[in-house]
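**Q** Just model_4.tsv, nothing more (TSV, C-alpha atoms):
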chain	number	residue	atom	x	y	z
A	20	MET	CA	32.87	225.50	196.95
A	21	ARG	CA	35.34	225.44	199.87
A	22	LEU	CA	38.53	223.44	199.65
A	23	GLU	CA	41.44	222.98	202.00
A	24	TRP	CA	44.80	223.45	200.30
A	25	ILE	CA	48.29	222.17	200.94
A	26	PRO	CA	50.79	225.04	200.78
A	27	LEU	CA	53.02	225.14	197.72
A	28	LEU	CA	55.85	226.63	199.77
A	29	LEU	CA	56.87	225.79	203.32
A	30	ILE	CA	59.82	227.39	205.06
A	31	LEU	CA	60.50	224.96	207.90
A	32	PHE	CA	61.34	225.77	211.51
A	33	VAL	CA	61.03	229.53	211.44
A	34	PRO	CA	61.34	231.01	214.93
A	35	SER	CA	59.18	234.04	215.56
A	36	TYR	CA	61.39	235.90	217.99
A	37	GLY	CA	59.70	237.58	220.89
A	38	SER	CA	56.43	235.65	220.66
A	39	GLY	CA	57.55	232.47	222.43
A	40	LEU	CA	56.42	230.48	219.36
A	41	GLN	CA	58.43	228.64	216.73
A	42	PHE	CA	56.41	228.14	213.54
A	43	GLU	CA	57.12	225.49	210.93
A	44	SER	CA	56.36	228.28	208.46
A	45	THR	CA	55.24	231.87	208.83
A	46	ARG	CA	54.46	232.19	205.10
A	47	GLN	CA	52.20	230.15	202.85
A	48	GLU	CA	51.62	230.58	199.11
A	49	LEU	CA	48.60	229.00	197.42
A	50	LYS	CA	47.08	228.87	193.97
A	51	ALA	CA	43.28	228.64	193.94
A	52	GLU	CA	41.13	227.00	191.30
A	53	LEU	CA	38.55	228.79	189.19
A	54	GLY	CA	35.27	228.86	191.12
A	55	GLN	CA	36.90	228.29	194.50
A	56	GLU	CA	35.43	230.62	197.12
A	57	SER	CA	37.87	230.35	200.02
A	58	VAL	CA	40.99	228.73	201.40
A	59	ARG	CA	41.68	227.39	204.87
A	60	VAL	CA	45.25	226.78	206.03
A	61	THR	CA	47.03	226.03	209.29
A	62	TYR	CA	50.27	227.33	210.78
A	63	PRO	CA	51.75	224.70	213.15
A	64	PHE	CA	53.95	225.93	215.99
A	65	GLU	CA	55.84	224.84	219.06
A	66	VAL	CA	56.10	226.82	222.29
A	67	VAL	CA	59.75	227.66	223.08
A	68	ASP	CA	59.26	230.14	225.93
A	69	SER	CA	60.39	228.41	229.13
A	70	GLY	CA	57.47	229.87	231.04
A	71	GLY	CA	54.84	228.89	228.49
A	72	ILE	CA	52.66	231.42	226.70
A	73	GLU	CA	49.10	232.69	226.48
A	74	ILE	CA	47.62	233.75	223.15
A	75	LEU	CA	46.04	237.09	223.94
A	76	ASP	CA	44.76	238.20	220.54
A	77	ILE	CA	44.83	237.39	216.82
A	78	ARG	CA	44.44	240.25	214.34
A	79	THR	CA	43.95	239.92	210.59
A	80	SER	CA	44.74	242.53	207.94
A	81	CYS	CA	41.33	242.20	206.26
A	82	GLY	CA	37.74	241.52	207.26
A	83	CYS	CA	37.75	238.77	204.62
A	84	THR	CA	40.26	236.81	206.72
A	85	SER	CA	39.63	235.06	210.03
A	86	ALA	CA	42.03	233.21	212.32
A	87	LYS	CA	41.81	231.22	215.52
A	88	PRO	CA	44.00	228.98	217.74
A	89	GLU	CA	43.05	225.58	219.09
A	90	LYS	CA	43.31	227.02	222.61
A	91	THR	CA	44.93	229.99	224.33
A	92	ASP	CA	47.25	228.59	227.05
A	93	TYR	CA	50.33	226.50	226.20
A	94	ALA	CA	53.21	225.10	228.25
A	95	VAL	CA	56.78	225.03	226.95
A	96	GLY	CA	57.25	222.24	224.40
A	97	GLU	CA	53.56	222.04	223.54
A	98	THR	CA	52.52	222.24	219.91
A	99	GLY	CA	49.47	223.81	218.33
A	100	ILE	CA	48.13	225.45	215.20
A	101	ILE	CA	46.70	228.75	214.09
A	102	GLU	CA	43.88	228.12	211.61
A	103	VAL	CA	43.35	230.85	209.00
A	104	GLU	CA	40.48	231.16	206.53
A	105	PHE	CA	40.36	233.64	203.65
A	106	GLU	CA	37.01	234.29	201.91
A	107	PHE	CA	37.61	235.47	198.34
A	108	GLY	CA	34.40	237.39	197.64
A	109	SER	CA	34.90	239.15	194.30
A	110	ARG	CA	38.68	239.33	194.60
A	111	MET	CA	40.89	238.19	191.71
A	112	GLY	CA	44.61	237.99	191.03
A	113	GLU	CA	47.37	238.02	193.64
A	114	GLN	CA	46.15	238.56	197.20
A	115	LYS	CA	48.37	239.12	200.24
A	116	LYS	CA	47.04	238.86	203.79
A	117	THR	CA	48.72	238.96	207.18
A	118	VAL	CA	47.80	237.63	210.60
A	119	THR	CA	49.31	238.99	213.82
A	120	VAL	CA	49.40	236.57	216.74
A	121	VAL	CA	49.79	238.42	220.04
A	122	THR	CA	51.05	236.35	222.97
A	123	SER	CA	52.06	237.04	226.56
A	124	SER	CA	55.68	237.06	225.31
A	125	GLY	CA	55.29	239.27	222.24
A	126	SER	CA	53.87	238.87	218.74
A	127	ALA	CA	54.34	236.89	215.51
A	128	LEU	CA	53.42	237.88	211.96
A	129	LEU	CA	52.03	235.25	209.58
A	130	HIS	CA	51.75	235.73	205.82
A	131	LEU	CA	49.25	234.24	203.36
A	132	GLU	CA	49.53	234.78	199.61
A	133	VAL	CA	46.85	233.43	197.29
A	134	MET	CA	46.67	233.64	193.51
A	135	ILE	CA	42.98	233.71	192.52
A	136	PRO	CA	42.28	233.02	188.84
A	137	ARG	CA	40.79	235.96	186.97
A	138	LYS	CA	37.34	235.17	185.58
A	139	TRP	CA	37.80	238.02	183.14
A	140	THR	CA	40.28	240.62	182.00
A	141	LEU	CA	39.46	244.12	180.77
A	142	GLU	CA	42.12	246.08	178.94
A	143	PRO	CA	42.48	248.87	179.61
A	144	ARG	CA	40.55	249.13	182.87
A	145	ILE	CA	40.49	252.95	182.60
A	146	LEU	CA	39.89	255.04	179.48
A	147	VAL	CA	41.42	258.52	179.71
A	148	TRP	CA	40.94	261.70	177.69
A	149	ASN	CA	43.30	264.63	178.13
A	150	ARG	CA	41.92	268.15	177.94
A	151	GLU	CA	44.09	268.94	174.92
A	152	GLU	CA	43.04	265.99	172.77
A	153	ALA	CA	39.93	265.70	170.63
A	154	LEU	CA	37.03	263.82	172.15
A	155	GLU	CA	37.56	260.74	169.99
A	156	PRO	CA	36.24	257.24	170.76
A	157	HIS	CA	38.41	255.01	172.98
A	158	SER	CA	38.05	251.23	173.19
A	159	ALA	CA	38.44	248.48	175.78
A	160	ILE	CA	38.45	244.70	175.27
A	161	LEU	CA	36.76	242.28	177.69
A	162	VAL	CA	37.92	238.64	177.59
A	163	PHE	CA	36.56	235.83	179.78
A	164	HIS	CA	38.57	232.94	181.20
A	165	GLU	CA	38.88	229.98	178.85
A	166	ALA	CA	36.64	227.90	181.14
A	167	ILE	CA	33.86	230.52	181.20
A	168	THR	CA	31.22	231.38	178.62
A	169	ALA	CA	29.28	234.59	179.23
A	170	GLU	CA	26.98	236.96	177.38
A	171	ILE	CA	26.52	240.68	177.93
A	172	VAL	CA	23.01	241.38	179.23
A	173	LYS	CA	23.26	245.06	180.18
A	174	VAL	CA	25.58	248.04	180.03
A	175	ASP	CA	24.80	250.80	182.53
A	176	VAL	CA	26.12	254.17	181.38
A	177	PRO	CA	25.85	257.11	183.79
A	178	ASP	CA	24.36	260.29	182.35
A	179	THR	CA	27.65	262.20	182.38
A	180	GLY	CA	28.32	262.91	178.72
A	181	TYR	CA	29.51	259.52	177.42
A	182	SER	CA	27.96	257.02	175.01
A	183	VAL	CA	28.97	253.36	174.86
A	184	ASP	CA	28.68	250.94	171.95
A	185	TRP	CA	29.71	247.32	172.28
A	186	SER	CA	30.24	244.47	169.85
A	187	VAL	CA	31.04	240.77	169.93
A	188	ILE	CA	34.56	239.70	169.02
A	189	THR	CA	34.13	236.01	169.92
A	190	PRO	CA	30.67	234.83	171.04
A	191	GLY	CA	30.65	234.08	174.76
A	192	LYS	CA	34.33	234.94	175.14
A	193	ALA	CA	35.41	238.40	173.99
A	194	TYR	CA	33.71	241.78	173.58
A	195	ARG	CA	34.75	245.27	172.52
A	196	PHE	CA	33.43	248.46	174.16
A	197	GLU	CA	33.79	251.78	172.37
A	198	VAL	CA	33.25	254.88	174.47
A	199	THR	CA	32.69	258.31	172.95
A	200	PRO	CA	32.44	261.58	174.89
A	201	GLU	CA	29.34	263.35	173.54
A	202	LYS	CA	30.26	266.63	175.23
A	203	GLN	CA	32.90	267.91	177.62
A	204	PRO	CA	32.56	265.33	180.43
A	205	PRO	CA	33.32	266.21	184.05
A	206	SER	CA	36.90	265.93	185.31
A	207	ARG	CA	36.29	262.95	187.57
A	208	TYR	CA	36.08	259.18	187.41
A	209	VAL	CA	32.91	257.69	185.94
A	210	ALA	CA	32.11	253.98	186.02
A	211	VAL	CA	30.35	252.13	183.22
A	212	ARG	CA	29.00	248.88	184.61
A	213	VAL	CA	28.91	245.90	182.28
A	214	VAL	CA	26.64	243.06	183.44
A	215	ALA	CA	27.39	239.61	182.03
A	216	ARG	CA	25.54	236.33	182.54
A	217	GLU	CA	27.63	233.17	182.71
A	218	ALA	CA	26.43	229.87	181.25
A	219	GLY	CA	25.26	228.72	184.69
A	220	GLY	CA	23.13	231.86	185.15
A	221	GLU	CA	25.47	233.74	187.52
A	222	LEU	CA	25.58	237.49	186.94
A	223	THR	CA	28.90	239.32	187.02
A	224	THR	CA	29.27	243.11	187.10
A	225	ILE	CA	32.43	244.48	185.49
A	226	PRO	CA	33.35	248.17	185.91
A	227	LEU	CA	34.98	250.15	183.11
A	228	TYR	CA	36.30	253.46	184.43
A	229	LEU	CA	36.35	256.70	182.41
A	230	ARG	CA	38.32	259.83	183.23
A	231	ARG	CA	38.99	263.19	181.62
A	232	PHE	CA	41.98	265.22	182.82
As structure tokens, please, write out the structure in this file.

**A**
Amino acid sequence: MRLEWIPLLLILFVPSYGSGLQFESTRQELKAELGQESVRVTYPFEVVDSGGIEILDIRTSCGCTSAKPEKTDYAVGETGIIEVEFEFGSRMGEQKKTVTVVTSSGSALLHLEVMIPRKWTLEPRILVWNREEALEPHSAILVFHEAITAEIVKVDVPDTGYSVDWSVITPGKAYRFEVTPEKQPPSRYVAVRVVAREAGGELTTIPLYLRRF
């Protein structure tokens, strides 16, 4: 699903000194909906350089973000937009992206902040054992978003000295994972991968990280 969103915050008439462009806003903040896969926004501008400008390059801070102008050459007083699209992928939570617009007069920095709803939360994300403590079981709780029902279909445990037991707290909503070191595990991060199937059949892989110091 791809939706275009109206920014929640607009800071009007922000000059981007040195670029020859005056943007209506250089920063946009959006809140996505659950299941949304991307956002597309525009940054309107006016050319204020008396000699006009040429857009030479547009650089984004992430491969998940793309940006393009309507054209590259503008006379003074002309208006235009920079269109930016951000593909979420598996990202969740607060995301901050930047776009650098390079012109024949200088450059302008645009900001995009998107809050992506979390399909699930896992607390804690990392289970840690210190060298001095006994190798006792540690637990983590997985809770799905209120709009999602999911069942655990597989738990992949690497052969590195840990065992994992899991139980249902609330069917389709919450699960407990208890991890026990069976021997002295290596002093590095290990990932247990929990695979869950949502009601619509979509599979989600959730990593639970283990570490011994």

**Q** As an exercise, work out the distance from atom CA of Ala210 of chain A to atom CA of Ala166 of chain A in Å and give it to one decimal place.

**A** 26.9 Å

**Q** Give me the box for segment 192-211 of chain A as AutoDock Vina command-line options, namely the centre and edge lengths in Å to one decimal of a box along x, y and z that holds every listed atom plus 4 Å on each side.

**A**
--center_x 33.1 --center_y 251.4 --center_z 180.0 --size_x 15.6 --size_y 41.0 --size_z 23.2

**Q** May I ask which of the residues A:Thr84, A:Ser57, A:Gln203, A:Thr168 is the closest one to Gly219 of chain A, counting all atoms listed in the file?

**A**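 Of all the options, A:Thr168 lies closest to Gly219 of chain A.
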
**Q** Name all residues at most 7 Å from Glu201 of chain A (count all atoms listed in the file; drop same-chain ones fewer than 2 positions away) and give them as a PyMOL selection string.

**A** chain A and resi 180-182+199

**Q** Taking (39.0, 263.6, 183.9) in the file's coordinates as the center, which residues reach within 10 Å of it, counting all atoms listed in the file, put as a PyMOL selection string?

**A** chain A and resi 146-150+203-209+229-232

**Q** For Ala153 of chain A, which of A:Lys202, A:Arg59, A:Lys173, A:Lys192 is the closest residue, counting only C-alpha atoms?

**A** A:Lys202

**Q** Quick one: residues within 12 Å of segment 86-92 of chain A, all atoms listed in the file counted, chain neighbours fewer than 6 positions away excluded, as a ChimeraX atom specification?

**A** /A:39,58-64,66,70-80,98-106,116-123,129-131

**Q** Tell me, in Å to one decimal, how far atom CA of Leu141 of chain A is from atom CA of Asp184 of chain A.

**A**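 Atom CA of Asp184 of chain A lies 15.5 Å from atom CA of Leu141 of chain A.
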
**Q** Will you give me segment 92-117 of chain A, written with N, CA and C atoms and laid out as a CSV table (one decimal), in the first residue's frame?

**A**
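Result file decode-v8.csv:
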chain,number,residue,atom,x,y,z
A,92,ASP,N,16.6,23.3,-14.7
A,92,ASP,CA,17.0,24.7,-14.9
A,92,ASP,C,15.8,25.6,-14.6
A,93,TYR,N,16.1,26.6,-13.7
A,93,TYR,CA,15.0,27.6,-13.3
A,93,TYR,C,15.5,29.0,-13.4
A,94,ALA,N,14.6,29.9,-13.8
A,94,ALA,CA,14.9,31.3,-13.8
A,94,ALA,C,14.5,31.9,-12.4
A,95,VAL,N,15.0,33.1,-12.1
A,95,VAL,CA,14.6,33.8,-10.9
A,95,VAL,C,13.1,34.0,-10.8
A,96,GLY,N,12.5,33.7,-9.7
A,96,GLY,CA,11.1,33.8,-9.5
A,96,GLY,C,10.3,32.6,-9.9
A,97,GLU,N,10.9,31.7,-10.6
A,97,GLU,CA,10.2,30.4,-10.9
A,97,GLU,C,10.0,29.6,-9.6
A,98,THR,N,9.0,28.8,-9.7
A,98,THR,CA,8.7,27.8,-8.5
A,98,THR,C,8.8,26.4,-9.0
A,99,GLY,N,9.1,25.5,-8.1
A,99,GLY,CA,9.2,24.1,-8.4
A,99,GLY,C,9.0,23.3,-7.2
A,100,ILE,N,9.2,22.0,-7.3
A,100,ILE,CA,9.2,21.1,-6.2
A,100,ILE,C,10.3,20.0,-6.3
A,101,ILE,N,10.7,19.6,-5.1
A,101,ILE,CA,11.5,18.4,-5.0
A,101,ILE,C,10.6,17.3,-4.4
A,102,GLU,N,10.5,16.2,-5.2
A,102,GLU,CA,9.6,15.1,-4.8
A,102,GLU,C,10.5,14.0,-4.1
A,103,VAL,N,10.2,13.6,-2.9
A,103,VAL,CA,10.9,12.6,-2.1
A,103,VAL,C,10.1,11.4,-1.8
A,104,GLU,N,10.6,10.2,-2.0
A,104,GLU,CA,9.9,9.0,-1.6
A,104,GLU,C,10.8,8.2,-0.7
A,105,PHE,N,10.2,7.7,0.4
A,105,PHE,CA,10.9,6.9,1.4
A,105,PHE,C,10.2,5.5,1.4
A,106,GLU,N,10.9,4.5,1.1
A,106,GLU,CA,10.4,3.1,1.1
A,106,GLU,C,10.8,2.5,2.5
A,107,PHE,N,9.7,2.0,3.3
A,107,PHE,CA,10.0,1.6,4.6
A,107,PHE,C,10.8,0.3,4.8
A,108,GLY,N,10.5,-0.7,3.9
A,108,GLY,CA,11.1,-2.0,4.1
A,108,GLY,C,10.7,-2.5,5.4
A,109,SER,N,11.6,-3.0,6.2
A,109,SER,CA,11.3,-3.6,7.5
A,109,SER,C,11.5,-2.6,8.7
A,110,ARG,N,11.7,-1.3,8.3
A,110,ARG,CA,11.9,-0.3,9.4
A,110,ARG,C,10.7,0.0,10.2
A,111,MET,N,10.9,0.2,11.5
A,111,MET,CA,9.9,0.6,12.4
A,111,MET,C,10.4,1.7,13.3
A,112,GLY,N,9.4,2.4,14.0
A,112,GLY,CA,9.7,3.5,14.9
A,112,GLY,C,10.1,4.8,14.2
A,113,GLU,N,10.8,5.7,14.9
A,113,GLU,CA,11.1,7.0,14.3
A,113,GLU,C,12.3,6.8,13.3
A,114,GLN,N,12.0,7.4,12.1
A,114,GLN,CA,13.0,7.4,11.1
A,114,GLN,C,13.3,8.8,10.6
A,115,LYS,N,14.6,9.1,10.5
A,115,LYS,CA,15.1,10.4,10.1
A,115,LYS,C,15.9,10.3,8.8
A,116,LYS,N,15.5,11.0,7.7
A,116,LYS,CA,16.2,11.0,6.5
A,116,LYS,C,16.5,12.4,6.0
A,117,THR,N,17.6,12.6,5.3
A,117,THR,CA,17.9,13.9,4.8
A,117,THR,C,18.1,13.8,3.2
